[in-house]
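First up is the structure itself, then whatever we jot down about it.
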Amino acid sequence: MSNPLISCRNLCRFFADGEQKITAVDHVNIEIFTGEFAVLYGPSGSGKTTLLNLIGGLDHPTSGDVYFDKAPYSTLSETQLTQLRLQNIGFIFQSYNLIPVFSVLENVAFIMQMQGVPRETYLTESKKILELVGLQKLQNRRPSEMSGGQQQRVAIARAIAAKPKIVLADEPTANLDSSNSMQLIDLMRELNKQLEMTFVISSHDDKVIASAKRKIQLNDGKVISDESF
């Protein structure tokens with residue numbers, strides 16, 4: 001198999017709660033390879049979101065390290081880590097995190113603007129991505145004028161527009177009904193297949209778990225099973 005895109009080595013994350021130590025991630029060792037569609041699953045408090053945040057460089061481990069394409073995060077400055085995220089990692093959040101005063105098109109184009117992509121290019125690419133996720137006719141709407149399922153599709157479009165090497169999705173179906181959840185899962189699976197884009201999703205949704213090609217089960221911050229299908 002090729003070199004891993006992401007490696008977590010002896011990864012730990014502890015939090016202090018008064019005099020008590022809370023273990024969120026406990027000596028996790030996993031590797032994620034290009035093109036995978038993996039889900040982190042387990043009960044609430046099992047460490048899914050914390051692990052996802054560590055993989056994305058949004059949080060720092062107490063010990064251990066995350067490697068992106070063999071480069072350890074611990075050797076990067078905050079500026080370098082920000083650039084690594086900007087150029088290589090797409091994020092999909094449970095709460096969508098769309099910019100309310102921006103149109104759909106502007107939200108999707110935002111990351112490419114930050115990357116310094118020329119205006120003509122980022123507008124063209126954003127329109128292509130919106131067509132891919134079935135929202136080309138809604139490009140001038142504001143997030144408040146859309147359903148939850150539509151907003152999450154915009155969030156997916158924004159995450160993939162800049163062609164990241166990996167997309168990290170935190171409970172992407174949590175605020176959606178069953179029908180919209182299935183549509184979202186099908187969309188992410190299709191994007192994974194079409195674009196060979198790597199997805200790592202944290203979820204306790206049985207439908208998301210069933211759709212994954214790789215299932216990584218967490219409990220009390222530990223990996224207790226890791227199966228590929």
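Every chain in the structure tokens takes a letter, A first, then B, and so on in the order presented; its residues are numbered from 1, and the ligands are numbered from 1 following the presented order.
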
Do you know which residues are at most 10 Å from stretch 222-225 of chain A counting only C-alpha atoms, after dropping those on the same chain fewer than 2 positions away, and could you put them as an MDAnalysis selection string?
chainID A and resid 11:12 23:30 40:42 46:48 215:220 227

Exercise: stretch 166-178 of chain A partners within 9 Å, only C-alpha atoms, chain neighbours under 3 positions left out, as a ChimeraX atom specification
/A:5,34-35,48-49,52-53,55-56,88-96,148-149,152,156,159-160,163,181-185,197-205,207-208

Write down as a PyMOL selection string the residues of stretch 41-200 of chain A whose backbone DSSP state falls under strand (DSSP E or B).
chain A and resi 41+63-68+71-72+89-92+166-170+198-200

Which neighbours of stretch 103-106 of chain A fall inside 10 Å, counting only C-alpha atoms, when residues of the same chain fewer than 2 positions from it are skipped, and could you give them as a ChimeraX atom specification?
/A:98-101,108-111,113,122-123,126-127,129-130,135-136,138-146,150-151,154-155,157-158

Distance atom CA of A:Glu190-atom CA of A:Leu132, one decimal place?
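We find that atom CA of A:Glu190 and atom CA of A:Leu132 lie 10.0 Å from each other.
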
Quick one: residues within 12 Å of A:Tyr67, only C-alpha atoms counted, chain neighbours fewer than 2 positions away excluded, as a VMD selection string?
chain A and resid 3 to 11 29 to 32 54 to 57 64 to 65 69 to 76 81 84

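As for atom CA of A:Ala16 and atom CA of A:Ser77, they are spaced 24.7 Å apart.
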
Shell of 8 Å around A:Arg214, only C-alpha atoms, local chain residues under 3 positions omitted, as a ChimeraX atom specification
/A:36-39,226-229

Expected file contents, prior selection, N, CA and C atoms, as a PDB file, in the first residue's frame:
ATOM      1  N   GLU A  36      -9.576   6.861   0.870  1.00  0.00           N
ATOM      2  CA  GLU A  36     -10.413   6.129   1.825  1.00  0.00           C
ATOM      3  C   GLU A  36     -11.696   6.893   2.144  1.00  0.00           C
ATOM      4  N   PHE A  37     -12.715   6.135   2.544  1.00  0.00           N
ATOM      5  CA  PHE A  37     -13.967   6.691   3.059  1.00  0.00           C
ATOM      6  C   PHE A  37     -14.167   6.037   4.419  1.00  0.00           C
ATOM      7  N   ALA A  38     -13.695   6.722   5.452  1.00  0.00           N
ATOM      8  CA  ALA A  38     -13.620   6.137   6.789  1.00  0.00           C
ATOM      9  C   ALA A  38     -14.535   6.877   7.747  1.00  0.00           C
ATOM     10  N   VAL A  39     -15.076   6.133   8.713  1.00  0.00           N
ATOM     11  CA  VAL A  39     -15.904   6.746   9.743  1.00  0.00           C
ATOM     12  C   VAL A  39     -15.316   6.419  11.120  1.00  0.00           C
ATOM     13  N   ASP A 226     -10.952  -1.646  14.179  1.00  0.00           N
ATOM     14  CA  ASP A 226     -10.629  -0.915  12.952  1.00  0.00           C
ATOM     15  C   ASP A 226     -10.777  -1.912  11.800  1.00  0.00           C
ATOM     16  N   GLU A 227     -11.890  -1.798  11.072  1.00  0.00           N
ATOM     17  CA  GLU A 227     -12.202  -2.782  10.033  1.00  0.00           C
ATOM     18  C   GLU A 227     -12.379  -2.100   8.680  1.00  0.00           C
ATOM     19  N   SER A 228     -11.858  -2.735   7.655  1.00  0.00           N
ATOM     20  CA  SER A 228     -12.031  -2.262   6.281  1.00  0.00           C
ATOM     21  C   SER A 228     -12.837  -3.290   5.508  1.00  0.00           C
ATOM     22  N   PHE A 229     -13.669  -2.796   4.556  1.00  0.00           N
ATOM     23  CA  PHE A 229     -14.576  -3.661   3.818  1.00  0.00           C
ATOM     24  C   PHE A 229     -14.389  -3.462   2.309  1.00  0.00           C
TER      25      PHE A 229
END
